[in-house]
Amino acid sequence: MTPKSLSFYHWNRQASRRIRVAFNAYPCLNKSRIDTSLAENNENLFHMVVPEILWLDLQPSLYCFNCRLSRLLSEKRTVRRWSFQHDPDEACTISIVHDLLRETIVDTRQRPHLVAHGFSGIVASLFESQYPELIQSLTLLSVDTNTANQWSSHYHTMRSQLPCSRSRLLEHLTSLLFESKEPKVYSALARIMAKCLDTNFITSSLVSHELNRSLTMNSVPTLVMNGDNDFVVDRNAEERWSTKLKPGDCYVSVPKSRHFFHFHHPEITVQRINAFLDMIPTTSSLGWTSRNLLSTQANNS
C-alpha cells in the first residue's frame with residue numbers, strides 16, 4: 001500500500017524560521033472505522049481526515065523500519081505519520097517540537113493514539129506530560145524511563161572511547177541493534193544510521209538539560225514495549241517502568257528481540273498494540289469540539 005502524503009510548513013515565532021512538518025497516511029482498510037466528522041462546521045481550521053493513530057517520527061531516515069508495523073496497523077485503524085525536519089546546523093529544542101505537534105493536533109480536532117519509537121517515544125512521553133488532554137493513549141516502543149538512554153547516545157559514547165572508523169563503529173552498533181547474521185546487511189544498516197546522525201533530530205542537536213531527566217507517570221493509558229535483548233534499553237527497564245506505570249497501563253517484554261524489534265517482529269507488535277487500543281474507550285469527535293481545542297491553544301500560547 002502506498003501512503004498518501006501531505007507536507008506543509010510551520011512558521012515558529014520562537015525560532016523565527018520555517019520548520020517542515022509532513023503527514024504520510026496509511027488509510028484504514030476498514031472504512032467503517034474512520035471518523036470524518038468535524039466539530040464546528042462554521043469554523044475553518046485544518047480540514048483533513050482525522051487519524052486514529054498518530055505516529056510521531058522525529059528521525060525520518062529510520063522510518064523504513066516502521067513501515068511494516070504501520071501497514072499492519074492500518075488494517076484496523078488509520079495511521080498518520082507526523083514527520084519533523086529542521087536544519088541540522090541550527091539548534092532546535094523539544095519545546096519547539098511540542099509546540100508544532102500541539103498545533104497539528106489542535107487543527108485536526110481529534111485526540112489521536114500517539115505511537116512512537118526510541119527517541120521519538122521519549123519526546124512523545126514528555127509531550128503527554130504537558131498536554132494529556134490532547135491525546136487518547138500513548139504507545140512507546142524501545143523507550144527507557146531515563147531520557148538520556150538512546151541508541152545515538154550510546155554511539156557518541158562509543159565514538160569517544162573506541163579508536164576505529166565511524167563506519168566500522170556503526171556496523172558494530174547495528175549488529176547490536178538489529179537481528180541479522182549477514183555482515184552485508186549491517187553495512188547497509190550502518191549507512192542508514194549514519195544518515196540519521198547527519199540529518200535528523202538527535203541528542204547532539206538538543207540542549208543537553210532537556211533530556212537529563214526521568215520520565216514521569218503518564219495520565220493517559222500507556223503501553224510500553226521493549227525488546228528482551230535490547231542493547232540500549234536493558235532488561236532492568238521493566239523494573240524502572242514499574243514505578244511509572246499506573247493500573248491499566250501495560251509493559252510488554254518481547255522475547256529474544258532487540259532495539260528495532262518492531263521491524264523484525266511486526267506481527268507480534270501489532271497484536272499487542274491492537275489489543276491495548278481496543279480496550280480504550282473512543283472519545284467522540286463531537287465531544288472534542290474545536291472550542292475546547294482553541295481554549296487549550298490559547299492557554300498554552
# chains A, B, ... in the order shown; residues from 1 in each chain; ligands from 1

call {"tool": "residues_around", "arguments": {"residues": "Ala116 of chain A", "least_positions_apart": "2", "cutoff": "10 Å", "atoms": "only C-alpha atoms", "output": "NGL selection string"}}
result
:A and (54-58 or 66 or 81-82 or 114 or 118-125 or 138-143)

call {"tool": "select_by_dssp", "arguments": {"residues": "segment 142-265 of chain A", "states": "strand (DSSP E)", "output": "ChimeraX atom specification"}}
result
/A:222-227,250-254

call {"tool": "write_last_selection", "arguments": {"atoms": "N, CA and C atoms", "output": "PDB file, in the first residue's frame"}}
result
ATOM      1  N   THR A 222      -1.248   3.898  28.857  1.00  0.00           N
ATOM      2  CA  THR A 222       0.097   3.801  28.279  1.00  0.00           C
ATOM      3  C   THR A 222       0.502   2.357  28.079  1.00  0.00           C
ATOM      4  N   LEU A 223       1.041   2.078  26.909  1.00  0.00           N
ATOM      5  CA  LEU A 223       1.632   0.777  26.596  1.00  0.00           C
ATOM      6  C   LEU A 223       3.109   0.980  26.321  1.00  0.00           C
ATOM      7  N   VAL A 224       3.962   0.191  26.988  1.00  0.00           N
ATOM      8  CA  VAL A 224       5.408   0.226  26.761  1.00  0.00           C
ATOM      9  C   VAL A 224       5.841  -1.153  26.277  1.00  0.00           C
ATOM     10  N   MET A 225       6.531  -1.200  25.138  1.00  0.00           N
ATOM     11  CA  MET A 225       7.049  -2.448  24.604  1.00  0.00           C
ATOM     12  C   MET A 225       8.549  -2.315  24.378  1.00  0.00           C
ATOM     13  N   ASN A 226       9.314  -3.244  24.946  1.00  0.00           N
ATOM     14  CA  ASN A 226      10.765  -3.244  24.787  1.00  0.00           C
ATOM     15  C   ASN A 226      11.250  -4.640  24.446  1.00  0.00           C
ATOM     16  N   GLY A 227      12.359  -4.701  23.717  1.00  0.00           N
ATOM     17  CA  GLY A 227      12.956  -5.981  23.382  1.00  0.00           C
ATOM     18  C   GLY A 227      13.681  -6.587  24.578  1.00  0.00           C
ATOM     19  N   CYS A 250       0.317  -1.009  30.575  1.00  0.00           N
ATOM     20  CA  CYS A 250       0.857  -2.333  30.247  1.00  0.00           C
ATOM     21  C   CYS A 250       2.317  -2.237  29.829  1.00  0.00           C
ATOM     22  N   TYR A 251       3.110  -3.189  30.330  1.00  0.00           N
ATOM     23  CA  TYR A 251       4.511  -3.311  29.905  1.00  0.00           C
ATOM     24  C   TYR A 251       4.689  -4.673  29.257  1.00  0.00           C
ATOM     25  N   VAL A 252       5.278  -4.685  28.066  1.00  0.00           N
ATOM     26  CA  VAL A 252       5.495  -5.926  27.322  1.00  0.00           C
ATOM     27  C   VAL A 252       6.975  -6.062  26.998  1.00  0.00           C
ATOM     28  N   SER A 253       7.550  -7.182  27.375  1.00  0.00           N
ATOM     29  CA  SER A 253       8.922  -7.511  27.004  1.00  0.00           C
ATOM     30  C   SER A 253       8.869  -8.542  25.878  1.00  0.00           C
ATOM     31  N   VAL A 254       9.348  -8.167  24.699  1.00  0.00           N
ATOM     32  CA  VAL A 254       9.289  -9.051  23.530  1.00  0.00           C
ATOM     33  C   VAL A 254      10.478 -10.010  23.581  1.00  0.00           C
TER      34      VAL A 254
END

call {"tool": "residues_around", "arguments": {"residues": "Glu133 of chain A", "least_positions_apart": "4", "cutoff": "9 Å", "atoms": "only C-alpha atoms", "output": "list in words"}}
result
Arg111, Glu128, Ser219, Val220 and Thr296 of chain A

call {"tool": "write_last_selection", "arguments": {"atoms": "all heavy atoms", "output": "short mmCIF file (atom, residue, chain, number, x, y, z; two decimals), in the first residue's frame"}}
result
data_model
loop_
_atom_site.label_atom_id
_atom_site.label_comp_id
_atom_site.auth_asym_id
_atom_site.auth_seq_id
_atom_site.Cartn_x
_atom_site.Cartn_y
_atom_site.Cartn_z
N ARG A 111 -8.43 13.64 19.20
CA ARG A 111 -7.41 13.15 20.13
C ARG A 111 -6.89 11.81 19.60
O ARG A 111 -7.57 10.80 19.68
CB ARG A 111 -8.02 12.95 21.53
CG ARG A 111 -8.59 14.21 22.14
CD ARG A 111 -9.29 13.88 23.44
NE ARG A 111 -8.35 13.37 24.43
CZ ARG A 111 -8.71 12.65 25.49
NH1 ARG A 111 -9.97 12.31 25.66
NH2 ARG A 111 -7.79 12.25 26.35
N GLU A 128 3.05 14.24 26.33
CA GLU A 128 1.86 13.82 27.08
C GLU A 128 1.84 14.42 28.47
O GLU A 128 0.78 14.78 28.99
CB GLU A 128 1.81 12.29 27.15
CG GLU A 128 0.51 11.73 27.72
CD GLU A 128 0.45 11.76 29.25
OE1 GLU A 128 1.54 11.86 29.88
OE2 GLU A 128 -0.66 11.69 29.81
N SER A 219 -0.71 10.41 32.35
CA SER A 219 -2.12 10.48 32.72
C SER A 219 -2.98 9.60 31.84
O SER A 219 -3.99 9.05 32.30
CB SER A 219 -2.61 11.93 32.64
OG SER A 219 -1.87 12.77 33.51
N VAL A 220 -2.62 9.44 30.57
CA VAL A 220 -3.42 8.66 29.64
C VAL A 220 -3.01 7.20 29.68
O VAL A 220 -1.92 6.86 30.18
CB VAL A 220 -3.27 9.21 28.20
CG1 VAL A 220 -3.65 10.68 28.14
CG2 VAL A 220 -1.84 9.01 27.70
N THR A 296 -7.44 25.36 24.75
CA THR A 296 -6.15 24.77 25.13
C THR A 296 -5.00 25.49 24.46
O THR A 296 -3.97 25.77 25.07
CB THR A 296 -6.12 23.28 24.73
OG1 THR A 296 -7.18 22.60 25.41
CG2 THR A 296 -4.79 22.64 25.11
#

call {"tool": "closest_residue", "arguments": {"among": "A:Asn236, A:Asp107, A:Phe260, A:Ala148", "to": "Tyr63 of chain A", "atoms": "only C-alpha atoms"}}
result
A:Phe260

call {"tool": "atom_distance", "arguments": {"atom1": "atom CA of Ala237 of chain A", "atom2": "atom CA of Leu215 of chain A"}}
result
12.1 Å

call {"tool": "closest_residue", "arguments": {"among": "A:Pro132, A:Pro112, A:Pro247, A:Pro255", "to": "Thr78 of chain A", "atoms": "only C-alpha atoms"}}
result
A:Pro112

call {"tool": "closest_residue", "arguments": {"among": "A:Arg71, A:Asp228, A:Phe127, A:Ser175", "to": "Phe261 of chain A", "atoms": "only C-alpha atoms"}}
result
A:Asp228

call {"tool": "atom_distance", "arguments": {"atom1": "atom CA of Leu126 of chain A", "atom2": "atom CA of Thr145 of chain A"}}
result
10.8 Å

call {"tool": "closest_atom_pairs", "arguments": {"of": "segment 97-157 of chain A", "to": "segment 162-173 of chain A", "cutoff": "9 Å", "atoms": "only C-alpha atoms", "output": "Markdown table"}}
result
| residue | atom | partner | partner_atom | distance |
| --- | --- | --- | --- | --- |
| A:Trp151 | CA | A:Leu173 | CA | 8.6 |
| A:His154 | CA | A:Leu173 | CA | 8.7 |
| A:Tyr155 | CA | A:Leu173 | CA | 7.3 |
| A:Thr157 | CA | A:Leu162 | CA | 8.7 |
